[in-house]
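Colleague: Here you go, query.cif (mmCIF, C-alpha atoms):
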data_input
#
loop_
_atom_site.label_atom_id
_atom_site.label_comp_id
_atom_site.auth_asym_id
_atom_site.auth_seq_id
_atom_site.Cartn_x
_atom_site.Cartn_y
_atom_site.Cartn_z
CA MET A 195 36.71 -28.76 -7.40
CA ARG A 196 36.14 -25.12 -6.44
CA HIS A 197 35.54 -22.49 -9.09
CA LYS A 198 37.82 -19.48 -9.20
CA PRO A 199 36.31 -16.21 -7.96
CA ARG A 200 34.44 -13.94 -10.35
CA THR A 201 34.14 -16.43 -13.20
CA ARG A 202 31.04 -17.61 -15.00
CA SER A 203 30.16 -21.22 -14.31
CA PRO A 204 27.68 -23.56 -16.02
CA TYR A 205 24.50 -24.59 -14.26
CA HIS A 206 24.55 -27.94 -12.48
CA SER A 207 21.29 -28.83 -10.74
CA GLY A 208 21.70 -29.82 -7.11
CA SER A 209 25.44 -29.22 -6.98
CA SER A 210 27.68 -26.32 -6.03
CA VAL A 211 27.66 -23.97 -8.98
CA THR A 212 29.98 -21.19 -7.87
CA GLN A 213 32.36 -20.30 -5.06
CA HIS A 214 33.06 -16.64 -4.34
CA THR A 215 33.20 -14.40 -1.29
CA PRO A 216 31.36 -11.11 -1.92
CA LYS A 217 32.76 -7.98 -0.39
CA ASN A 218 30.13 -7.69 2.35
CA ALA A 219 29.61 -11.37 3.18
CA LYS A 220 31.01 -10.81 6.68
CA ASN A 221 28.40 -8.16 7.33
CA ALA A 222 25.69 -10.58 6.24
CA MET A 223 26.88 -13.03 8.89
CA ARG A 224 27.77 -10.70 11.74
CA PRO A 225 27.01 -11.99 15.26
CA ASN A 226 23.73 -10.83 16.73
CA ASP A 227 22.06 -12.38 19.80
CA GLU A 228 18.70 -10.68 19.40
CA THR A 229 15.93 -12.44 17.48
CA GLN A 230 12.39 -11.45 16.63
CA SER A 231 12.18 -8.13 18.50
CA LEU A 232 15.31 -6.74 16.85
CA ALA A 233 14.24 -8.00 13.45
CA ASP A 234 10.89 -6.28 13.78
CA SER A 235 12.65 -2.93 14.36
CA HIS A 236 14.18 -3.24 10.89
CA GLU A 237 10.88 -3.88 9.12
CA PRO A 238 9.32 -1.05 7.11
CA SER A 239 6.69 0.98 8.94
CA ARG A 240 3.02 0.34 8.30
CA ASP A 241 2.85 3.52 6.23
CA CYS A 242 6.25 3.19 4.56
CA PRO A 243 6.53 6.09 2.06
CA LEU A 244 9.52 4.90 0.03
CA CYS A 245 7.80 3.73 -3.18
CA PRO A 246 5.11 6.17 -4.41
CA ARG A 247 3.41 3.71 -6.78
CA LEU A 248 3.13 1.06 -4.06
CA VAL A 249 1.90 3.66 -1.55
CA ALA A 250 -0.86 4.73 -3.94
CA PHE A 251 -1.88 1.14 -4.57
CA ARG A 252 -1.86 0.38 -0.85
CA HIS A 253 -4.16 3.33 -0.18
CA SER A 254 -6.55 2.28 -2.92
CA VAL A 255 -6.80 -1.25 -1.54
CA ARG A 256 -7.24 0.04 2.01
CA ALA A 257 -10.18 2.10 0.86
CA ARG A 258 -11.71 -0.89 -0.89
CA GLU A 259 -10.88 -3.54 1.73
CA PRO A 260 -10.44 -1.80 5.11
CA SER A 261 -10.47 -5.09 7.05
CA TRP A 262 -7.36 -6.41 5.27
CA PHE A 263 -3.82 -6.03 6.58
CA ASN A 264 -2.85 -3.69 3.70
CA ALA A 265 0.68 -2.78 4.81
CA PRO A 266 4.28 -3.93 4.31
CA VAL A 267 4.28 -7.59 5.33
CA PRO A 268 6.90 -8.41 7.99
CA SER A 269 9.08 -11.50 7.99
CA PHE A 270 7.64 -14.68 9.50
CA GLY A 271 9.83 -16.72 11.88
CA LEU A 272 12.61 -16.06 14.33
CA ALA A 273 15.91 -14.42 13.40
CA ASP A 274 17.95 -17.26 14.92
CA ALA A 275 16.85 -19.63 12.13
CA ARG A 276 19.45 -21.21 9.86
CA LEU A 277 17.19 -21.10 6.78
CA LEU A 278 15.78 -17.98 5.11
CA ILE A 279 13.20 -18.34 2.33
CA VAL A 280 12.84 -15.29 0.08
CA GLY A 281 9.79 -14.79 -2.10
CA LEU A 282 8.86 -12.05 -4.55
CA ALA A 283 6.19 -9.87 -2.90
CA PRO A 284 2.92 -10.24 -0.98
CA GLY A 285 -0.06 -11.47 -3.00
CA LEU A 286 -3.03 -9.13 -3.10
CA ARG A 287 -5.49 -11.61 -1.56
CA GLY A 288 -2.81 -13.60 0.23
CA ALA A 289 -0.20 -11.98 2.48
CA ASN A 290 -1.50 -8.47 1.83
CA ARG A 291 -4.85 -9.59 3.22
CA THR A 292 -3.59 -11.73 6.11
CA GLY A 293 -0.34 -10.00 7.08
CA ARG A 294 1.80 -13.16 7.01
CA PRO A 295 4.04 -14.16 4.09
CA PHE A 296 2.53 -16.76 1.75
CA THR A 297 -0.62 -17.04 3.86
CA GLY A 298 -3.99 -17.07 2.15
CA ASP A 299 -3.20 -18.05 -1.43
CA TYR A 300 -2.19 -21.15 -3.38
CA ALA A 301 1.55 -20.48 -3.13
CA GLY A 302 1.25 -20.83 0.63
CA ASP A 303 -0.60 -24.13 0.32
CA LEU A 304 2.34 -25.67 -1.52
CA LEU A 305 5.07 -23.91 0.46
CA PHE A 306 3.82 -24.72 3.94
CA ARG A 307 2.92 -28.31 3.04
CA THR A 308 6.46 -28.76 1.73
CA LEU A 309 7.99 -27.17 4.84
CA VAL A 310 6.03 -29.51 7.11
CA GLU A 311 7.08 -32.52 5.02
CA THR A 312 10.76 -31.56 5.23
CA GLY A 313 10.77 -30.64 8.93
CA PHE A 314 10.91 -26.86 8.58
CA ALA A 315 7.41 -26.31 10.00
CA ARG A 316 4.96 -28.01 12.33
CA GLY A 317 1.30 -27.59 13.11
CA ARG A 318 -1.66 -27.16 10.80
CA TYR A 319 -1.66 -24.54 8.07
CA GLU A 320 -5.15 -23.08 7.76
CA ALA A 321 -4.39 -20.07 5.53
CA ARG A 322 -4.76 -17.54 8.33
CA PRO A 323 -2.15 -15.93 10.60
CA ASP A 324 -3.74 -17.22 13.82
CA ASP A 325 -3.48 -20.91 12.89
CA ASP A 326 -1.09 -23.12 14.88
CA LEU A 327 1.57 -23.33 12.16
CA THR A 328 5.09 -22.74 13.51
CA LEU A 329 8.29 -22.52 11.50
CA VAL A 330 11.17 -24.70 12.66
CA ASP A 331 14.68 -23.29 12.12
CA ALA A 332 13.29 -21.31 9.19
CA ARG A 333 12.18 -17.79 8.37
CA ILE A 334 10.23 -16.38 5.42
CA THR A 335 10.44 -12.91 3.88
CA ASN A 336 9.92 -11.19 0.53
CA ALA A 337 12.20 -9.22 -1.75
CA VAL A 338 9.50 -6.52 -1.85
CA ARG A 339 7.44 -6.05 1.31
CA CYS A 340 4.38 -4.29 -0.19
CA VAL A 341 1.87 -5.73 -2.62
CA PRO A 342 2.53 -4.41 -6.16
CA PRO A 343 -0.11 -3.84 -8.84
CA GLU A 344 -0.51 -6.89 -11.07
CA ASN A 345 1.92 -8.73 -8.77
CA THR A 346 4.78 -7.00 -10.60
CA PRO A 347 7.18 -4.73 -8.72
CA MET A 348 9.21 -2.23 -10.71
CA PRO A 349 13.02 -2.48 -10.71
CA ALA A 350 13.32 0.74 -8.68
CA GLU A 351 10.93 -0.67 -6.07
CA ILE A 352 12.95 -3.87 -5.79
CA ARG A 353 16.13 -1.84 -5.29
CA THR A 354 14.51 0.45 -2.75
CA CYS A 355 13.13 -2.41 -0.67
CA ARG A 356 16.43 -4.29 -0.74
CA ARG A 357 17.61 -2.41 2.37
CA PHE A 358 15.11 -4.43 4.40
CA LEU A 359 16.27 -7.71 2.87
CA GLU A 360 19.88 -6.79 3.63
CA GLN A 361 18.99 -6.07 7.25
CA THR A 362 16.98 -9.28 7.55
CA ILE A 363 20.01 -11.26 6.41
CA ALA A 364 22.36 -9.30 8.67
CA ASP A 365 20.15 -9.95 11.71
CA MET A 366 20.30 -13.73 11.23
CA ALA A 367 23.52 -14.66 13.02
CA ARG A 368 23.06 -18.42 12.52
CA LEU A 369 21.97 -18.19 8.88
CA ARG A 370 23.46 -20.90 6.66
CA VAL A 371 21.06 -21.35 3.74
CA ILE A 372 18.87 -19.05 1.65
CA VAL A 373 16.23 -20.39 -0.72
CA ALA A 374 15.24 -17.91 -3.43
CA LEU A 375 11.80 -18.49 -4.93
CA GLY A 376 12.03 -17.19 -8.47
CA ARG A 377 14.48 -15.14 -10.47
CA ILE A 378 13.62 -11.75 -8.96
CA ALA A 379 14.14 -13.07 -5.43
CA HIS A 380 17.40 -14.71 -6.55
CA ASP A 381 18.70 -11.48 -8.11
CA SER A 382 17.75 -9.42 -5.07
CA VAL A 383 19.44 -11.88 -2.71
CA THR A 384 22.68 -11.90 -4.70
CA ALA A 385 22.65 -8.09 -4.77
CA ALA A 386 21.96 -7.95 -1.03
CA LEU A 387 25.00 -10.16 -0.48
CA GLY A 388 27.17 -7.91 -2.62
CA ALA A 389 27.63 -10.56 -5.30
CA ARG A 390 27.61 -10.27 -9.08
CA ARG A 391 24.46 -11.57 -10.68
CA SER A 392 26.39 -12.97 -13.64
CA THR A 393 28.51 -15.09 -11.31
CA TYR A 394 25.45 -16.76 -9.83
CA PRO A 395 22.95 -17.56 -12.60
CA PHE A 396 19.44 -18.50 -11.56
CA GLY A 397 18.21 -22.00 -12.29
CA HIS A 398 15.72 -24.25 -10.59
CA GLY A 399 17.58 -26.65 -8.31
CA ALA A 400 20.83 -24.69 -8.59
CA ARG A 401 23.03 -24.36 -5.52
CA HIS A 402 25.58 -21.58 -5.09
CA THR A 403 28.15 -20.97 -2.39
CA VAL A 404 28.24 -17.26 -1.57
CA GLY A 405 30.77 -16.61 1.15
CA ARG A 406 29.58 -18.61 4.19
CA LEU A 407 26.09 -19.04 2.80
CA GLU A 408 24.51 -21.62 0.53
CA LEU A 409 21.98 -20.18 -1.92
CA PHE A 410 19.43 -22.58 -3.40
CA ASP A 411 17.14 -21.61 -6.28
CA SER A 412 13.61 -22.74 -7.01
CA TYR A 413 10.93 -21.67 -9.39
CA HIS A 414 8.30 -19.71 -7.49
CA CYS A 415 5.51 -21.86 -6.06
CA SER A 416 2.81 -19.82 -7.78
CA ARG A 417 -0.37 -21.31 -9.17
CA GLN A 418 0.73 -20.28 -12.67
CA ASN A 419 3.98 -22.25 -12.40
CA THR A 420 2.27 -25.34 -11.02
CA ASN A 421 -0.66 -25.18 -13.47
CA THR A 422 1.73 -25.02 -16.42
CA GLY A 423 3.96 -27.79 -15.07
CA THR A 424 6.93 -25.44 -14.78
CA LEU A 425 7.09 -26.49 -11.13
CA THR A 426 5.72 -29.73 -9.71
CA PRO A 427 5.32 -30.54 -6.00
CA ASP A 428 8.07 -33.15 -6.33
CA MET A 429 10.46 -30.62 -7.89
CA PHE A 430 9.71 -28.18 -5.08
CA ARG A 431 10.12 -30.77 -2.37
CA ALA A 432 13.46 -31.86 -3.82
CA VAL A 433 14.89 -28.37 -3.25
CA PHE A 434 13.93 -28.36 0.42
CA ALA A 435 15.06 -31.95 0.87
CA ALA A 436 18.49 -30.86 -0.39
CA VAL A 437 18.45 -27.95 2.06
CA ARG A 438 17.45 -30.34 4.85
CA ALA A 439 20.44 -32.54 4.03
CA VAL A 440 22.85 -29.59 4.12
CA LEU A 441 21.61 -28.38 7.50
CA ASP A 442 21.51 -31.88 8.97
CA GLU A 443 25.15 -32.37 7.96
CA GLY A 444 26.09 -29.31 10.00
CA THR A 445 24.08 -30.21 13.10
#
Starting from the coordinates I provided, produce the structure as structure tokens.
Modeller:
Amino acid sequence: MRHKPRTRSPYHSGSSVTQHTPKNAKNAMRPNDETQSLADSHEPSRDCPLCPRLVAFRHSVRAREPSWFNAPVPSFGLADARLLIVGLAPGLRGANRTGRPFTGDYAGDLLFRTLVETGFARGRYEARPDDDLTLVDARITNAVRCVPPENTPMPAEIRTCRRFLEQTIADMARLRVIVALGRIAHDSVTAALGARRSTYPFGHGARHTVGRLELFDSYHCSRQNTNTGTLTPDMFRAVFAAVRAVLDEGT
């Protein structure tokens, strides 16, 4: 049974929670034949000036660690993928150091192992951007492209950076599924799709139909969440196994 548009629905893990077509869903799915090169042109510049607090923090880390990447971290994977994974922001000693999302910290260990197990990646993940890991029909980005102090972006920074998330989604002509890692990523994705947050409540394992897209939620694969038992490897794998089943049905 489909839910009526713009109504609040209860959370049901692993099932369709809501059905609603946001006003700009067509724009999010517009045809586009270009892949990585076009996507790169919509990434923030290395010295993006949009968020003063993040700029100041970036400069301070550059001075302290000049060999690190220390810039807005671009998306990883080709734009013709059917799956987009959206995280929160680069980790200070992870993606901010290496220049590739989720590379170099514990969150990447769990994420990339899970992607290999569910067929969304192949090769060996060695926590560096020049390893032989390749994404398969998947792409990874962040709601905020620059590393924030204390791993906590401000609401204004999330809103400012959303233009890049919107463009990332728009560039993916074959996109069918988005996985949001954590509440902030979930809220930014729903906003980028022009949907009401209250219509699509976040919950681990939740699945929402937003226009032509399926949005899956997961707790973030951070060390804190796994150490506290908030997220287990089996819970995380179950989300991507469900995504795998959806995409395999449409093959």
Colleague: Apply the PyMOL selection byres ((chain A and resi 422-436) around 8) to the file shown and report the selected residues as a list of chain:residue names.
Modeller: A:Gly208, A:Leu304, A:Thr308, A:Leu309, A:Thr312, A:Gly399, A:Phe410, A:Asp411, A:Ser412, A:Tyr413, A:His414, A:Cys415, A:Gln418, A:Asn419, A:Thr420, A:Asn421, A:Val437, A:Arg438, A:Ala439, A:Val440
Colleague: Out of A:Leu369, A:Ala250, A:Cys242, A:Leu305, which residue has the shortest atom-to-atom distance to Thr354 of chain A when counting all atoms listed in the file?
Modeller: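 Using all atoms listed in the file, the shortest distance to Thr354 of chain A belongs to A:Cys242.
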Colleague: For a quick check of understanding, using only C-alpha atoms, which of A:Thr335, A:Ala350, A:Arg356, A:Pro238 has the smallest distance to Ala283 of chain A?
Modeller: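 Closest to Ala283 of chain A, using only C-alpha atoms: A:Thr335.
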Colleague: When you count only C-alpha atoms, which of these residues is closest to Glu344 of chain A: A:Arg307, A:Arg287, A:Arg391, A:His402?
Modeller: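 That would be A:Arg287, the residue with the smallest distance to Glu344 of chain A.
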Colleague: Once the PyMOL selection byres ((chain A and resi 381) around 12) is applied to the coordinates I shared, what remains selected? I want it as a ChimeraX atom specification.
Modeller: /A:280-282,337,349,352-353,356,359,373-380,382-397,409,411
Colleague: Quick one: of A:Ser269, A:Ser416, A:Ser254, A:Thr328, who's nearest to Phe358 of chain A, counting all atoms listed in the file?
Modeller: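 Smallest distance to Phe358 of chain A is found for A:Ser269.
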Colleague: When the PyMOL selection byres ((chain A and resi 368) around 6) is applied to the file above, which residues end up in the set, as an NGL selection string?
Modeller: :A and (274 or 276 or 366-367 or 369)
Colleague: Just how far from atom CA of Val404 of chain A is atom CA of Ile372 of chain A, in Å to one decimal?
Modeller: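 That distance, rounded to one decimal, is 10.1 Å.
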Colleague: Please identify all polymer residues within 12 Å of Ala289 of chain A, counting only C-alpha atoms, omitting same-chain residues fewer than 2 positions from it, and present them as a ChimeraX atom specification.
Modeller: /A:262-270,281-287,291-302,321-323,334-336,338-342,345
Colleague: Out of A:Leu277, A:Asn290, A:Ala257, A:Met348, which residue has the shortest atom-to-atom distance to Ala315 of chain A when counting only C-alpha atoms?
Modeller: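 Result for the nearest residue to Ala315 of chain A: A:Leu277.
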Colleague: To one decimal in Å, tell me the separation between atom CA of Glu360 of chain A and atom CA of His236 of chain A.
Modeller: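 Pair atom CA of Glu360 of chain A / atom CA of His236 of chain A returns 9.9 Å.
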Colleague: Could you state the separation of atom CA of Thr403 of chain A and atom CA of Ile279 of chain A in Å, given to one decimal place?
Modeller: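 Atom-to-atom, atom CA of Thr403 of chain A and atom CA of Ile279 of chain A are spaced 15.9 Å apart.
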Colleague: Have a look at A:Phe306, A:Pro343, A:Gly288, A:Leu407 and name the one nearest to Arg252 of chain A; count only C-alpha atoms.
Modeller: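 Closest to Arg252 of chain A, using only C-alpha atoms: A:Pro343.
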Colleague: If we count all atoms listed in the file, what is near Phe314 of chain A at a cut-off of 7 Å, once residues fewer than 6 positions away on the same chain are taken out, given as a list in words?
Modeller: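 Non-adjacent residues within range: Leu329, Val330, Asp331 and Ala332 of chain A.
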Colleague: Because some atoms of segment 324-337 of chain A are absent here, can you restore N, CA and C atoms and send them as a PDB file, keeping the file's coordinate frame?
Modeller:
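To be explicit, this is the file written out as result.pdb:
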ATOM      1  N   ASP A 324      -3.539 -16.734  12.461  1.00  0.00           N
ATOM      2  CA  ASP A 324      -3.740 -17.220  13.820  1.00  0.00           C
ATOM      3  C   ASP A 324      -3.901 -18.743  13.875  1.00  0.00           C
ATOM      4  N   ASP A 325      -3.486 -19.455  12.810  1.00  0.00           N
ATOM      5  CA  ASP A 325      -3.480 -20.910  12.890  1.00  0.00           C
ATOM      6  C   ASP A 325      -2.329 -21.351  13.788  1.00  0.00           C
ATOM      7  N   ASP A 326      -2.137 -22.659  13.952  1.00  0.00           N
ATOM      8  CA  ASP A 326      -1.090 -23.120  14.880  1.00  0.00           C
ATOM      9  C   ASP A 326       0.191 -23.516  14.144  1.00  0.00           C
ATOM     10  N   LEU A 327       0.347 -23.033  12.914  1.00  0.00           N
ATOM     11  CA  LEU A 327       1.570 -23.330  12.160  1.00  0.00           C
ATOM     12  C   LEU A 327       2.753 -22.585  12.766  1.00  0.00           C
ATOM     13  N   THR A 328       3.854 -23.308  12.969  1.00  0.00           N
ATOM     14  CA  THR A 328       5.090 -22.740  13.510  1.00  0.00           C
ATOM     15  C   THR A 328       6.250 -23.135  12.610  1.00  0.00           C
ATOM     16  N   LEU A 329       7.086 -22.187  12.260  1.00  0.00           N
ATOM     17  CA  LEU A 329       8.290 -22.520  11.500  1.00  0.00           C
ATOM     18  C   LEU A 329       9.342 -23.095  12.421  1.00  0.00           C
ATOM     19  N   VAL A 330      10.131 -24.033  11.898  1.00  0.00           N
ATOM     20  CA  VAL A 330      11.170 -24.700  12.660  1.00  0.00           C
ATOM     21  C   VAL A 330      12.518 -24.418  11.999  1.00  0.00           C
ATOM     22  N   ASP A 331      13.353 -23.618  12.641  1.00  0.00           N
ATOM     23  CA  ASP A 331      14.680 -23.290  12.120  1.00  0.00           C
ATOM     24  C   ASP A 331      14.588 -22.649  10.741  1.00  0.00           C
ATOM     25  N   ALA A 332      13.509 -21.925  10.503  1.00  0.00           N
ATOM     26  CA  ALA A 332      13.290 -21.310   9.190  1.00  0.00           C
ATOM     27  C   ALA A 332      12.609 -19.956   9.368  1.00  0.00           C
ATOM     28  N   ARG A 333      12.789 -19.114   8.384  1.00  0.00           N
ATOM     29  CA  ARG A 333      12.180 -17.790   8.370  1.00  0.00           C
ATOM     30  C   ARG A 333      11.790 -17.478   6.930  1.00  0.00           C
ATOM     31  N   ILE A 334      10.719 -16.713   6.747  1.00  0.00           N
ATOM     32  CA  ILE A 334      10.230 -16.380   5.420  1.00  0.00           C
ATOM     33  C   ILE A 334      10.100 -14.866   5.289  1.00  0.00           C
ATOM     34  N   THR A 335      10.567 -14.332   4.167  1.00  0.00           N
ATOM     35  CA  THR A 335      10.440 -12.910   3.880  1.00  0.00           C
ATOM     36  C   THR A 335      10.213 -12.727   2.397  1.00  0.00           C
ATOM     37  N   ASN A 336      10.090 -11.489   1.953  1.00  0.00           N
ATOM     38  CA  ASN A 336       9.920 -11.190   0.530  1.00  0.00           C
ATOM     39  C   ASN A 336      10.926 -10.144   0.082  1.00  0.00           C
ATOM     40  N   ALA A 337      11.289 -10.218  -1.188  1.00  0.00           N
ATOM     41  CA  ALA A 337      12.200  -9.220  -1.750  1.00  0.00           C
ATOM     42  C   ALA A 337      11.575  -7.833  -1.735  1.00  0.00           C
TER      43      ALA A 337
END
